[in-house]
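First comes the structure, then the notes that go with it.
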There are 2 protein chains.
Amino acid sequence: VFDSVAIVGVGLIGASIGMALKRRGLCRRVLGIGRRAESLETARQRGAIDVYTLDFGPELSDFDLVILCAPVDRIPELAERAAPFLDSKTTITDAGSTKAEIVRQIESRLPRTFHFVGSHPLAGSEKRGPQAACDRLFEGKTCVVTPTPASDPNVVSAVTKFWMSLGMRVVLLDPDWHDAILARTSHLPHLVASALACSLGVSDTPLVASGFRDTTRIASSDPDIWSPIFAQNGAALLAALDRFEIHLHEFRSALNEHDLITLRRLLQKAKDCRDALGS
Amino acid sequence: VFDSVAIVGVGLIGASIGMALKRRGLCRRVLGIGRRAESLETARQRGAIDVYTLDFGPELSDFDLVILCAPVDRIPELAERAAPFLDSKTTITDAGSTKAEIVRQIESRLPRTFHFVGSHPLAGSEKRGPQAACDRLFEGKTCVVTPTPASDPNVVSAVTKFWMSLGMRVVLLDPDWHDAILARTSHLPHLVASALACSLGVSDTPLVASGFRDTTRIASSDPDIWSPIFAQNGAALLAALDRFEIHLHEFRSALNEHDLITLRRLLQKAKDCRDALGS
């Protein structure tokens, strides 16, 4: 789809994009841009990028696609810094886990000639950095692309095809709608897993089994990536939390009243919801 | 350790015990006792048991060890029903996920000559039935054995050796202490995963990714097994829930105040707690 791609931020997601592009032979040249030479060198050694630089410069105009893979609060600023060096035909997208704020800021701060549409590939893990990257990270997963009335349909189409070329299924969604759903499907479980991880007693560890480990696995994720996601999507996350606490309260009432019938019914409902998702 | 073992209830845990005994060549004869011939026949075909009966009878006196593997609210009743048929030298234990209520009821309702100590092997999954059993389910896992001042030290020792012979690490704990810890390490994550599974919107499913799946996996467990666990350990579970909600409230406050610094600190604390557990 794009002959040359510049990846800004070569962490888990950025480096995995580069590795997938290379393995699938989709792209002649991949440039890595980042702040730390060490990460960039790791990404290069892993075959994620061909070359790298530590800042934006005129060479960026030679690339067809620029993907911003950074913590969500840094993405608008990176777009702004990249803009002066972009060719008028360069497409730009991002891989941030929130969309409304990022899309609004980029659309308001950058010239209309700037070919941007937001993306969120739903792939990742609790691990971080190019050393954890994987060339199959995106296969069979879903990517949300978030056009607005200001988006160029050709850009939306090109970015959609790009993610599909990595083996992803693409869903188009309004940025606010994306954030409301992701608050429930991703940000809330992250918050809950984190609160749960903190709830353990100091001497409980020897009796932790696989259920606790699975339920709290995502609490090991990088706080620098997740705290700005929480902050940017605070309103939707608080709404999701309200909803979660209603269900928590149902369990609390049934426990207080020693109500085995209700406990069974609540657990059956939860099982039905979970079973519907598949394994 | 025991030449002949009777397993009462051949679900995931009971059948896995039988399969492990057989694979390790630890036991000459394994009897299965249950209510449903179909499950017992599946367990026999999988090599978990040699023979089976649908009720307790005089043949029970030929067995050295009886293990009660049933939902926690049925275990005391099963012990009482088995008692008339037991030889004075038969050892009896259970595999229930709660201990205080079970141990108290069995110790108060059965004759002192009855050689009982409670057990809780920390192994299992969200699956159920002998078809999901696995002969390596217990390897490398922890089993809690819960003696009381009324326990016969020889029985405690024999039951400890039994679980160790299946490849388990054994911890001895007071039954109430067991329940307080398991409320935090097992019952609370189960409740939280269940409430989370219920929090999804009807049209959210396409955007569910691996984080949500992992965090809610245990919500698929059998409600008939888990509702009596919640009911029996209600007080400790409510205390664990209180503790969890304090952490939830910290996140809520930080979200309300758009406090990125506190969000980062809370997520770092959660990461530290989770990382300490290993993968």
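How things are named: the first chain in the structure tokens is A, the next is B, and so on; residues count from 1 in each chain; ligands count from 1 in the order shown.
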
Contacts of Asn233 of chain B at 10 Å or less, counting only C-alpha atoms, minus same-chain residues fewer than 5 places along, as number ranges by chain? A: 255, 258; B: 97-101, 176, 179-180, 182-183, 187, 228, 238

Same-sequence superposition of chain A onto chain B, all C-alpha, as a PDB file with C-alpha atoms, in the first residue's frame:
```pdb
ATOM      1  CA  VAL A   1       0.930 -43.149  50.127  1.00  0.00           C
ATOM      2  CA  PHE A   2      -2.501 -44.751  49.850  1.00  0.00           C
ATOM      3  CA  ASP A   3      -2.963 -48.022  48.077  1.00  0.00           C
ATOM      4  CA  SER A   4      -6.632 -47.447  47.298  1.00  0.00           C
ATOM      5  CA  VAL A   5      -8.478 -44.137  46.902  1.00  0.00           C
ATOM      6  CA  ALA A   6     -12.181 -43.335  46.627  1.00  0.00           C
ATOM      7  CA  ILE A   7     -12.967 -40.072  44.839  1.00  0.00           C
ATOM      8  CA  VAL A   8     -16.398 -38.628  45.594  1.00  0.00           C
ATOM      9  CA  GLY A   9     -17.346 -36.346  42.676  1.00  0.00           C
ATOM     10  CA  VAL A  10     -15.449 -36.893  39.441  1.00  0.00           C
ATOM     11  CA  GLY A  11     -15.561 -33.365  37.998  1.00  0.00           C
ATOM     12  CA  LEU A  12     -12.480 -31.445  36.858  1.00  0.00           C
ATOM     13  CA  ILE A  13     -10.686 -31.802  40.211  1.00  0.00           C
ATOM     14  CA  GLY A  14     -11.780 -35.328  41.156  1.00  0.00           C
ATOM     15  CA  ALA A  15     -11.050 -36.822  37.733  1.00  0.00           C
ATOM     16  CA  SER A  16      -7.691 -34.993  37.550  1.00  0.00           C
ATOM     17  CA  ILE A  17      -6.705 -36.516  40.912  1.00  0.00           C
ATOM     18  CA  GLY A  18      -7.547 -39.980  39.605  1.00  0.00           C
ATOM     19  CA  MET A  19      -5.630 -39.441  36.349  1.00  0.00           C
ATOM     20  CA  ALA A  20      -2.583 -38.132  38.234  1.00  0.00           C
ATOM     21  CA  LEU A  21      -2.646 -41.104  40.645  1.00  0.00           C
ATOM     22  CA  LYS A  22      -2.830 -43.541  37.749  1.00  0.00           C
ATOM     23  CA  ARG A  23      -0.153 -41.881  35.637  1.00  0.00           C
ATOM     24  CA  ARG A  24       2.247 -41.760  38.560  1.00  0.00           C
ATOM     25  CA  GLY A  25       1.464 -45.377  39.486  1.00  0.00           C
ATOM     26  CA  LEU A  26       0.678 -44.311  43.050  1.00  0.00           C
ATOM     27  CA  CYS A  27      -2.427 -46.292  43.646  1.00  0.00           C
ATOM     28  CA  ARG A  28      -3.669 -49.791  42.929  1.00  0.00           C
ATOM     29  CA  ARG A  29      -7.390 -49.056  42.938  1.00  0.00           C
ATOM     30  CA  VAL A  30      -9.421 -45.882  42.357  1.00  0.00           C
ATOM     31  CA  LEU A  31     -13.157 -45.884  42.985  1.00  0.00           C
ATOM     32  CA  GLY A  32     -15.359 -43.088  41.664  1.00  0.00           C
ATOM     33  CA  ILE A  33     -18.578 -42.163  43.455  1.00  0.00           C
ATOM     34  CA  GLY A  34     -21.059 -39.723  41.941  1.00  0.00           C
ATOM     35  CA  ARG A  35     -24.645 -38.999  41.082  1.00  0.00           C
ATOM     36  CA  ARG A  36     -24.426 -39.125  37.314  1.00  0.00           C
ATOM     37  CA  ALA A  37     -23.408 -42.351  35.577  1.00  0.00           C
ATOM     38  CA  GLU A  38     -22.487 -40.381  32.469  1.00  0.00           C
ATOM     39  CA  SER A  39     -19.750 -38.367  34.240  1.00  0.00           C
ATOM     40  CA  LEU A  40     -18.492 -41.471  36.008  1.00  0.00           C
ATOM     41  CA  GLU A  41     -18.284 -43.352  32.720  1.00  0.00           C
ATOM     42  CA  THR A  42     -16.377 -40.445  31.114  1.00  0.00           C
ATOM     43  CA  ALA A  43     -13.976 -40.469  34.072  1.00  0.00           C
ATOM     44  CA  ARG A  44     -13.501 -44.219  33.717  1.00  0.00           C
ATOM     45  CA  GLN A  45     -12.870 -43.963  29.985  1.00  0.00           C
ATOM     46  CA  ARG A  46     -10.288 -41.251  30.627  1.00  0.00           C
ATOM     47  CA  GLY A  47      -8.470 -43.547  33.048  1.00  0.00           C
ATOM     48  CA  ALA A  48      -9.304 -41.495  36.135  1.00  0.00           C
ATOM     49  CA  ILE A  49     -11.085 -44.305  37.988  1.00  0.00           C
ATOM     50  CA  ASP A  50     -11.180 -48.100  37.758  1.00  0.00           C
ATOM     51  CA  VAL A  51     -14.747 -48.631  38.885  1.00  0.00           C
ATOM     52  CA  TYR A  52     -17.652 -46.520  40.047  1.00  0.00           C
ATOM     53  CA  THR A  53     -20.838 -46.579  42.079  1.00  0.00           C
ATOM     54  CA  LEU A  54     -23.736 -44.147  42.347  1.00  0.00           C
ATOM     55  CA  ASP A  55     -23.888 -44.148  46.152  1.00  0.00           C
ATOM     56  CA  PHE A  56     -21.912 -44.924  49.273  1.00  0.00           C
ATOM     57  CA  GLY A  57     -21.887 -48.571  50.363  1.00  0.00           C
ATOM     58  CA  PRO A  58     -19.935 -51.196  52.302  1.00  0.00           C
ATOM     59  CA  GLU A  59     -17.201 -51.379  49.613  1.00  0.00           C
ATOM     60  CA  LEU A  60     -15.978 -47.992  50.906  1.00  0.00           C
ATOM     61  CA  SER A  61     -14.399 -49.740  53.907  1.00  0.00           C
ATOM     62  CA  ASP A  62     -11.819 -51.285  51.556  1.00  0.00           C
ATOM     63  CA  PHE A  63     -10.352 -47.871  50.687  1.00  0.00           C
ATOM     64  CA  ASP A  64      -7.502 -46.128  52.495  1.00  0.00           C
ATOM     65  CA  LEU A  65      -8.378 -42.581  51.469  1.00  0.00           C
ATOM     66  CA  VAL A  66     -11.675 -40.911  50.615  1.00  0.00           C
ATOM     67  CA  ILE A  67     -11.496 -37.486  48.897  1.00  0.00           C
ATOM     68  CA  LEU A  68     -14.621 -35.353  48.694  1.00  0.00           C
ATOM     69  CA  CYS A  69     -14.547 -33.285  45.472  1.00  0.00           C
ATOM     70  CA  ALA A  70     -17.908 -31.543  45.363  1.00  0.00           C
ATOM     71  CA  PRO A  71     -19.339 -28.012  45.571  1.00  0.00           C
ATOM     72  CA  VAL A  72     -18.418 -26.691  49.037  1.00  0.00           C
ATOM     73  CA  ASP A  73     -21.968 -26.687  50.382  1.00  0.00           C
ATOM     74  CA  ARG A  74     -22.320 -30.424  49.692  1.00  0.00           C
ATOM     75  CA  ILE A  75     -19.057 -31.589  51.283  1.00  0.00           C
ATOM     76  CA  PRO A  76     -20.168 -31.856  54.974  1.00  0.00           C
ATOM     77  CA  GLU A  77     -23.284 -33.781  53.988  1.00  0.00           C
ATOM     78  CA  LEU A  78     -21.215 -36.169  51.832  1.00  0.00           C
ATOM     79  CA  ALA A  79     -18.837 -36.772  54.744  1.00  0.00           C
ATOM     80  CA  GLU A  80     -21.786 -37.596  56.966  1.00  0.00           C
ATOM     81  CA  ARG A  81     -23.261 -39.990  54.419  1.00  0.00           C
ATOM     82  CA  ALA A  82     -19.922 -41.731  53.866  1.00  0.00           C
ATOM     83  CA  ALA A  83     -19.150 -42.120  57.586  1.00  0.00           C
ATOM     84  CA  PRO A  84     -21.201 -45.270  58.357  1.00  0.00           C
ATOM     85  CA  PHE A  85     -19.300 -47.192  55.670  1.00  0.00           C
ATOM     86  CA  LEU A  86     -15.774 -46.158  56.600  1.00  0.00           C
ATOM     87  CA  ASP A  87     -13.188 -48.416  58.174  1.00  0.00           C
ATOM     88  CA  SER A  88     -11.723 -47.046  61.406  1.00  0.00           C
ATOM     89  CA  LYS A  89      -8.396 -46.558  59.616  1.00  0.00           C
ATOM     90  CA  THR A  90      -9.732 -44.726  56.550  1.00  0.00           C
ATOM     91  CA  THR A  91      -8.399 -41.216  56.039  1.00  0.00           C
ATOM     92  CA  ILE A  92     -10.754 -38.590  54.649  1.00  0.00           C
ATOM     93  CA  THR A  93     -10.118 -35.185  53.137  1.00  0.00           C
ATOM     94  CA  ASP A  94     -11.789 -32.813  50.701  1.00  0.00           C
ATOM     95  CA  ALA A  95     -10.812 -30.457  47.883  1.00  0.00           C
ATOM     96  CA  GLY A  96     -13.150 -27.533  48.602  1.00  0.00           C
ATOM     97  CA  SER A  97     -12.201 -23.887  47.971  1.00  0.00           C
ATOM     98  CA  THR A  98     -13.438 -22.785  51.414  1.00  0.00           C
ATOM     99  CA  LYS A  99     -12.317 -24.406  54.617  1.00  0.00           C
ATOM    100  CA  ALA A 100     -13.662 -22.857  57.846  1.00  0.00           C
ATOM    101  CA  GLU A 101     -17.296 -23.886  57.463  1.00  0.00           C
ATOM    102  CA  ILE A 102     -16.513 -27.316  56.001  1.00  0.00           C
ATOM    103  CA  VAL A 103     -13.975 -28.200  58.695  1.00  0.00           C
ATOM    104  CA  ARG A 104     -16.215 -26.942  61.502  1.00  0.00           C
ATOM    105  CA  GLN A 105     -19.229 -28.874  60.265  1.00  0.00           C
ATOM    106  CA  ILE A 106     -17.347 -32.105  59.657  1.00  0.00           C
ATOM    107  CA  GLU A 107     -15.545 -31.945  63.000  1.00  0.00           C
ATOM    108  CA  SER A 108     -18.760 -31.272  64.909  1.00  0.00           C
ATOM    109  CA  ARG A 109     -20.980 -33.736  63.092  1.00  0.00           C
ATOM    110  CA  LEU A 110     -18.738 -36.779  62.834  1.00  0.00           C
ATOM    111  CA  PRO A 111     -17.292 -39.185  65.433  1.00  0.00           C
ATOM    112  CA  ARG A 112     -13.820 -38.378  66.723  1.00  0.00           C
ATOM    113  CA  THR A 113     -12.564 -41.677  65.345  1.00  0.00           C
ATOM    114  CA  PHE A 114     -13.102 -40.215  61.908  1.00  0.00           C
ATOM    115  CA  HIS A 115      -9.679 -39.358  60.390  1.00  0.00           C
ATOM    116  CA  PHE A 116     -10.376 -36.057  58.677  1.00  0.00           C
ATOM    117  CA  VAL A 117      -8.326 -33.020  57.718  1.00  0.00           C
ATOM    118  CA  GLY A 118      -9.373 -30.372  55.174  1.00  0.00           C
ATOM    119  CA  SER A 119      -7.486 -29.681  51.926  1.00  0.00           C
ATOM    120  CA  HIS A 120      -7.633 -27.136  49.138  1.00  0.00           C
ATOM    121  CA  PRO A 121      -5.517 -27.850  46.082  1.00  0.00           C
ATOM    122  CA  LEU A 122      -5.041 -24.477  44.316  1.00  0.00           C
ATOM    123  CA  ALA A 123      -5.530 -25.817  40.833  1.00  0.00           C
ATOM    124  CA  GLY A 124      -8.368 -25.691  38.397  1.00  0.00           C
ATOM    125  CA  SER A 125      -9.662 -23.670  35.516  1.00  0.00           C
ATOM    126  CA  GLU A 126     -12.850 -22.110  34.257  1.00  0.00           C
ATOM    127  CA  LYS A 127     -13.689 -25.451  32.633  1.00  0.00           C
ATOM    128  CA  ARG A 128     -15.717 -28.210  34.282  1.00  0.00           C
ATOM    129  CA  GLY A 129     -16.316 -31.954  34.249  1.00  0.00           C
ATOM    130  CA  PRO A 130     -14.156 -35.042  33.779  1.00  0.00           C
ATOM    131  CA  GLN A 131     -13.755 -34.217  30.069  1.00  0.00           C
ATOM    132  CA  ALA A 132     -11.645 -31.187  31.097  1.00  0.00           C
ATOM    133  CA  ALA A 133      -9.518 -33.184  33.563  1.00  0.00           C
ATOM    134  CA  CYS A 134      -5.750 -33.290  33.192  1.00  0.00           C
ATOM    135  CA  ASP A 135      -3.222 -35.625  34.817  1.00  0.00           C
ATOM    136  CA  ARG A 136      -0.775 -32.735  35.312  1.00  0.00           C
ATOM    137  CA  LEU A 137      -3.264 -30.261  36.789  1.00  0.00           C
ATOM    138  CA  PHE A 138      -1.571 -30.278  40.208  1.00  0.00           C
ATOM    139  CA  GLU A 139       2.091 -30.324  39.241  1.00  0.00           C
ATOM    140  CA  GLY A 140       4.040 -27.414  40.675  1.00  0.00           C
ATOM    141  CA  LYS A 141       0.903 -25.974  42.288  1.00  0.00           C
ATOM    142  CA  THR A 142       0.195 -25.301  45.954  1.00  0.00           C
ATOM    143  CA  CYS A 143      -2.164 -27.270  48.197  1.00  0.00           C
ATOM    144  CA  VAL A 144      -3.345 -25.850  51.514  1.00  0.00           C
ATOM    145  CA  VAL A 145      -3.996 -28.439  54.247  1.00  0.00           C
ATOM    146  CA  THR A 146      -5.930 -27.002  57.196  1.00  0.00           C
ATOM    147  CA  PRO A 147      -5.381 -28.851  60.496  1.00  0.00           C
ATOM    148  CA  THR A 148      -7.111 -27.759  63.712  1.00  0.00           C
ATOM    149  CA  PRO A 149      -6.328 -28.655  67.342  1.00  0.00           C
ATOM    150  CA  ALA A 150      -8.670 -31.622  66.830  1.00  0.00           C
ATOM    151  CA  SER A 151      -6.700 -33.041  63.905  1.00  0.00           C
ATOM    152  CA  ASP A 152      -4.713 -36.265  64.252  1.00  0.00           C
ATOM    153  CA  PRO A 153      -1.070 -35.408  63.365  1.00  0.00           C
ATOM    154  CA  ASN A 154      -0.692 -38.713  61.525  1.00  0.00           C
ATOM    155  CA  VAL A 155      -3.669 -37.877  59.323  1.00  0.00           C
ATOM    156  CA  VAL A 156      -2.270 -34.408  58.607  1.00  0.00           C
ATOM    157  CA  SER A 157       1.049 -35.963  57.695  1.00  0.00           C
ATOM    158  CA  ALA A 158      -0.506 -38.626  55.456  1.00  0.00           C
ATOM    159  CA  VAL A 159      -2.720 -36.137  53.606  1.00  0.00           C
ATOM    160  CA  THR A 160       0.245 -33.773  53.185  1.00  0.00           C
ATOM    161  CA  LYS A 161       2.294 -36.586  51.657  1.00  0.00           C
ATOM    162  CA  PHE A 162      -0.619 -37.508  49.412  1.00  0.00           C
ATOM    163  CA  TRP A 163      -0.762 -34.061  47.795  1.00  0.00           C
ATOM    164  CA  MET A 164       3.029 -33.943  47.567  1.00  0.00           C
ATOM    165  CA  SER A 165       2.950 -37.255  45.739  1.00  0.00           C
ATOM    166  CA  LEU A 166       0.878 -35.498  43.037  1.00  0.00           C
ATOM    167  CA  GLY A 167       3.662 -32.936  42.604  1.00  0.00           C
ATOM    168  CA  MET A 168       2.201 -30.238  44.860  1.00  0.00           C
ATOM    169  CA  ARG A 169       3.828 -27.953  47.361  1.00  0.00           C
ATOM    170  CA  VAL A 170       1.879 -28.137  50.655  1.00  0.00           C
ATOM    171  CA  VAL A 171       1.199 -25.259  53.051  1.00  0.00           C
ATOM    172  CA  LEU A 172      -0.454 -25.861  56.447  1.00  0.00           C
ATOM    173  CA  LEU A 173      -2.854 -23.116  57.541  1.00  0.00           C
ATOM    174  CA  ASP A 174      -5.624 -22.585  60.044  1.00  0.00           C
ATOM    175  CA  PRO A 175      -9.003 -22.887  58.196  1.00  0.00           C
ATOM    176  CA  ASP A 176     -10.094 -19.305  59.013  1.00  0.00           C
ATOM    177  CA  TRP A 177      -6.770 -17.906  57.915  1.00  0.00           C
ATOM    178  CA  HIS A 178      -7.043 -19.896  54.680  1.00  0.00           C
ATOM    179  CA  ASP A 179     -10.468 -18.382  53.995  1.00  0.00           C
ATOM    180  CA  ALA A 180      -9.323 -14.806  54.684  1.00  0.00           C
ATOM    181  CA  ILE A 181      -6.386 -15.111  52.275  1.00  0.00           C
ATOM    182  CA  LEU A 182      -8.330 -16.968  49.592  1.00  0.00           C
ATOM    183  CA  ALA A 183     -11.012 -14.256  49.759  1.00  0.00           C
ATOM    184  CA  ARG A 184      -8.340 -11.868  48.437  1.00  0.00           C
ATOM    185  CA  THR A 185      -6.360 -14.159  46.138  1.00  0.00           C
ATOM    186  CA  SER A 186      -9.212 -16.122  44.564  1.00  0.00           C
ATOM    187  CA  HIS A 187     -12.781 -15.204  45.541  1.00  0.00           C
ATOM    188  CA  LEU A 188     -12.405 -11.424  45.081  1.00  0.00           C
ATOM    189  CA  PRO A 189     -10.841 -11.705  41.585  1.00  0.00           C
ATOM    190  CA  HIS A 190     -13.686 -14.066  40.722  1.00  0.00           C
ATOM    191  CA  LEU A 191     -16.301 -11.554  41.880  1.00  0.00           C
ATOM    192  CA  VAL A 192     -14.518  -8.682  40.096  1.00  0.00           C
ATOM    193  CA  ALA A 193     -14.120 -10.628  36.851  1.00  0.00           C
ATOM    194  CA  SER A 194     -17.828 -11.486  36.984  1.00  0.00           C
ATOM    195  CA  ALA A 195     -18.934  -7.886  37.591  1.00  0.00           C
ATOM    196  CA  LEU A 196     -16.641  -6.791  34.759  1.00  0.00           C
ATOM    197  CA  ALA A 197     -18.070  -9.366  32.356  1.00  0.00           C
ATOM    198  CA  CYS A 198     -21.534  -7.929  33.080  1.00  0.00           C
ATOM    199  CA  SER A 199     -20.352  -4.346  32.410  1.00  0.00           C
ATOM    200  CA  LEU A 200     -19.924  -4.778  28.676  1.00  0.00           C
ATOM    201  CA  GLY A 201     -22.395  -3.030  26.397  1.00  0.00           C
ATOM    202  CA  VAL A 202     -24.430  -5.172  24.022  1.00  0.00           C
ATOM    203  CA  SER A 203     -22.628  -3.831  20.949  1.00  0.00           C
ATOM    204  CA  ASP A 204     -19.147  -3.709  22.485  1.00  0.00           C
ATOM    205  CA  THR A 205     -18.162  -7.277  21.641  1.00  0.00           C
ATOM    206  CA  PRO A 206     -16.340  -6.599  18.343  1.00  0.00           C
ATOM    207  CA  LEU A 207     -13.902  -4.313  20.183  1.00  0.00           C
ATOM    208  CA  VAL A 208     -13.058  -6.750  22.971  1.00  0.00           C
ATOM    209  CA  ALA A 209      -9.358  -7.634  22.892  1.00  0.00           C
ATOM    210  CA  SER A 210      -7.062  -9.966  24.818  1.00  0.00           C
ATOM    211  CA  GLY A 211      -6.874  -7.738  27.929  1.00  0.00           C
ATOM    212  CA  PHE A 212     -10.607  -7.987  28.558  1.00  0.00           C
ATOM    213  CA  ARG A 213     -10.622 -11.713  27.811  1.00  0.00           C
ATOM    214  CA  ASP A 214      -7.826 -12.430  30.300  1.00  0.00           C
ATOM    215  CA  THR A 215      -9.321 -10.215  32.970  1.00  0.00           C
ATOM    216  CA  THR A 216     -12.718 -11.927  32.755  1.00  0.00           C
ATOM    217  CA  ARG A 217     -11.677 -15.505  31.903  1.00  0.00           C
ATOM    218  CA  ILE A 218     -12.600 -16.934  35.323  1.00  0.00           C
ATOM    219  CA  ALA A 219     -16.127 -15.478  35.019  1.00  0.00           C
ATOM    220  CA  SER A 220     -16.846 -18.485  32.766  1.00  0.00           C
ATOM    221  CA  SER A 221     -16.587 -20.855  35.729  1.00  0.00           C
ATOM    222  CA  ASP A 222     -19.492 -22.957  36.940  1.00  0.00           C
ATOM    223  CA  PRO A 223     -22.001 -20.904  39.039  1.00  0.00           C
ATOM    224  CA  ASP A 224     -23.003 -24.052  40.943  1.00  0.00           C
ATOM    225  CA  ILE A 225     -19.461 -24.356  42.254  1.00  0.00           C
ATOM    226  CA  TRP A 226     -18.838 -20.656  42.894  1.00  0.00           C
ATOM    227  CA  SER A 227     -22.086 -19.393  44.430  1.00  0.00           C
ATOM    228  CA  PRO A 228     -21.696 -21.607  47.560  1.00  0.00           C
ATOM    229  CA  ILE A 229     -18.020 -20.545  47.832  1.00  0.00           C
ATOM    230  CA  PHE A 230     -19.135 -16.892  47.861  1.00  0.00           C
ATOM    231  CA  ALA A 231     -21.904 -17.640  50.348  1.00  0.00           C
ATOM    232  CA  GLN A 232     -19.677 -19.649  52.709  1.00  0.00           C
ATOM    233  CA  ASN A 233     -16.882 -17.094  52.677  1.00  0.00           C
ATOM    234  CA  GLY A 234     -19.165 -14.035  52.573  1.00  0.00           C
ATOM    235  CA  ALA A 235     -17.670 -12.110  55.494  1.00  0.00           C
ATOM    236  CA  ALA A 236     -14.067 -12.427  54.314  1.00  0.00           C
ATOM    237  CA  LEU A 237     -15.116 -11.695  50.745  1.00  0.00           C
ATOM    238  CA  LEU A 238     -16.934  -8.527  51.818  1.00  0.00           C
ATOM    239  CA  ALA A 239     -13.790  -7.427  53.688  1.00  0.00           C
ATOM    240  CA  ALA A 240     -11.687  -8.071  50.571  1.00  0.00           C
ATOM    241  CA  LEU A 241     -14.241  -6.154  48.503  1.00  0.00           C
ATOM    242  CA  ASP A 242     -14.012  -3.165  50.874  1.00  0.00           C
ATOM    243  CA  ARG A 243     -10.275  -3.147  50.427  1.00  0.00           C
ATOM    244  CA  PHE A 244     -10.595  -3.369  46.636  1.00  0.00           C
ATOM    245  CA  GLU A 245     -13.092  -0.499  46.576  1.00  0.00           C
ATOM    246  CA  ILE A 246     -10.651   1.746  48.422  1.00  0.00           C
ATOM    247  CA  HIS A 247      -8.243   1.338  45.507  1.00  0.00           C
ATOM    248  CA  LEU A 248     -11.069   1.784  43.014  1.00  0.00           C
ATOM    249  CA  HIS A 249     -11.974   5.009  44.767  1.00  0.00           C
ATOM    250  CA  GLU A 250      -8.398   6.294  44.498  1.00  0.00           C
ATOM    251  CA  PHE A 251      -8.608   5.871  40.738  1.00  0.00           C
ATOM    252  CA  ARG A 252     -12.044   7.495  40.660  1.00  0.00           C
ATOM    253  CA  SER A 253     -10.817  10.580  42.541  1.00  0.00           C
ATOM    254  CA  ALA A 254      -7.772  10.960  40.320  1.00  0.00           C
ATOM    255  CA  LEU A 255      -9.957  10.656  37.198  1.00  0.00           C
ATOM    256  CA  ASN A 256     -12.421  13.211  38.551  1.00  0.00           C
ATOM    257  CA  GLU A 257      -9.600  15.657  39.198  1.00  0.00           C
ATOM    258  CA  HIS A 258      -7.788  14.971  35.880  1.00  0.00           C
ATOM    259  CA  ASP A 259      -4.772  14.220  38.063  1.00  0.00           C
ATOM    260  CA  LEU A 260      -2.245  12.621  35.718  1.00  0.00           C
ATOM    261  CA  ILE A 261       0.479  12.455  38.382  1.00  0.00           C
ATOM    262  CA  THR A 262      -1.693  10.465  40.782  1.00  0.00           C
ATOM    263  CA  LEU A 263      -2.968   8.202  37.993  1.00  0.00           C
ATOM    264  CA  ARG A 264       0.620   7.456  37.062  1.00  0.00           C
ATOM    265  CA  ARG A 265       1.535   6.760  40.687  1.00  0.00           C
ATOM    266  CA  LEU A 266      -1.449   4.417  41.191  1.00  0.00           C
ATOM    267  CA  LEU A 267      -0.654   2.518  38.005  1.00  0.00           C
ATOM    268  CA  GLN A 268       3.010   2.234  38.998  1.00  0.00           C
ATOM    269  CA  LYS A 269       2.021   0.847  42.403  1.00  0.00           C
ATOM    270  CA  ALA A 270      -0.296  -1.688  40.720  1.00  0.00           C
ATOM    271  CA  LYS A 271       2.477  -2.663  38.311  1.00  0.00           C
ATOM    272  CA  ASP A 272       4.919  -3.173  41.200  1.00  0.00           C
ATOM    273  CA  CYS A 273       2.382  -5.391  43.017  1.00  0.00           C
ATOM    274  CA  ARG A 274       1.660  -7.429  39.897  1.00  0.00           C
ATOM    275  CA  ASP A 275       5.274  -7.719  38.769  1.00  0.00           C
ATOM    276  CA  ALA A 276       6.148  -9.141  42.204  1.00  0.00           C
ATOM    277  CA  LEU A 277       3.931 -12.166  41.445  1.00  0.00           C
ATOM    278  CA  GLY A 278       5.778 -13.168  38.290  1.00  0.00           C
ATOM    279  CA  SER A 279       4.078 -14.337  35.115  1.00  0.00           C
TER     280      SER A 279
END
```

Any chance you could list, as a PyMOL selection string, the residues in segment 61-274 of chain B that come up alpha helix (DSSP H) when DSSP is run on the backbone? chain B and resi 75-82+100-109+153-165+175-182+188-198+210-216+223-232+234-256+260-274

Identify all residues of segment 124-256 of chain A in strand (DSSP E or B) (DSSP on the backbone) and supply them as an MDAnalysis selection string. chainID A and resid 142:146 169:172
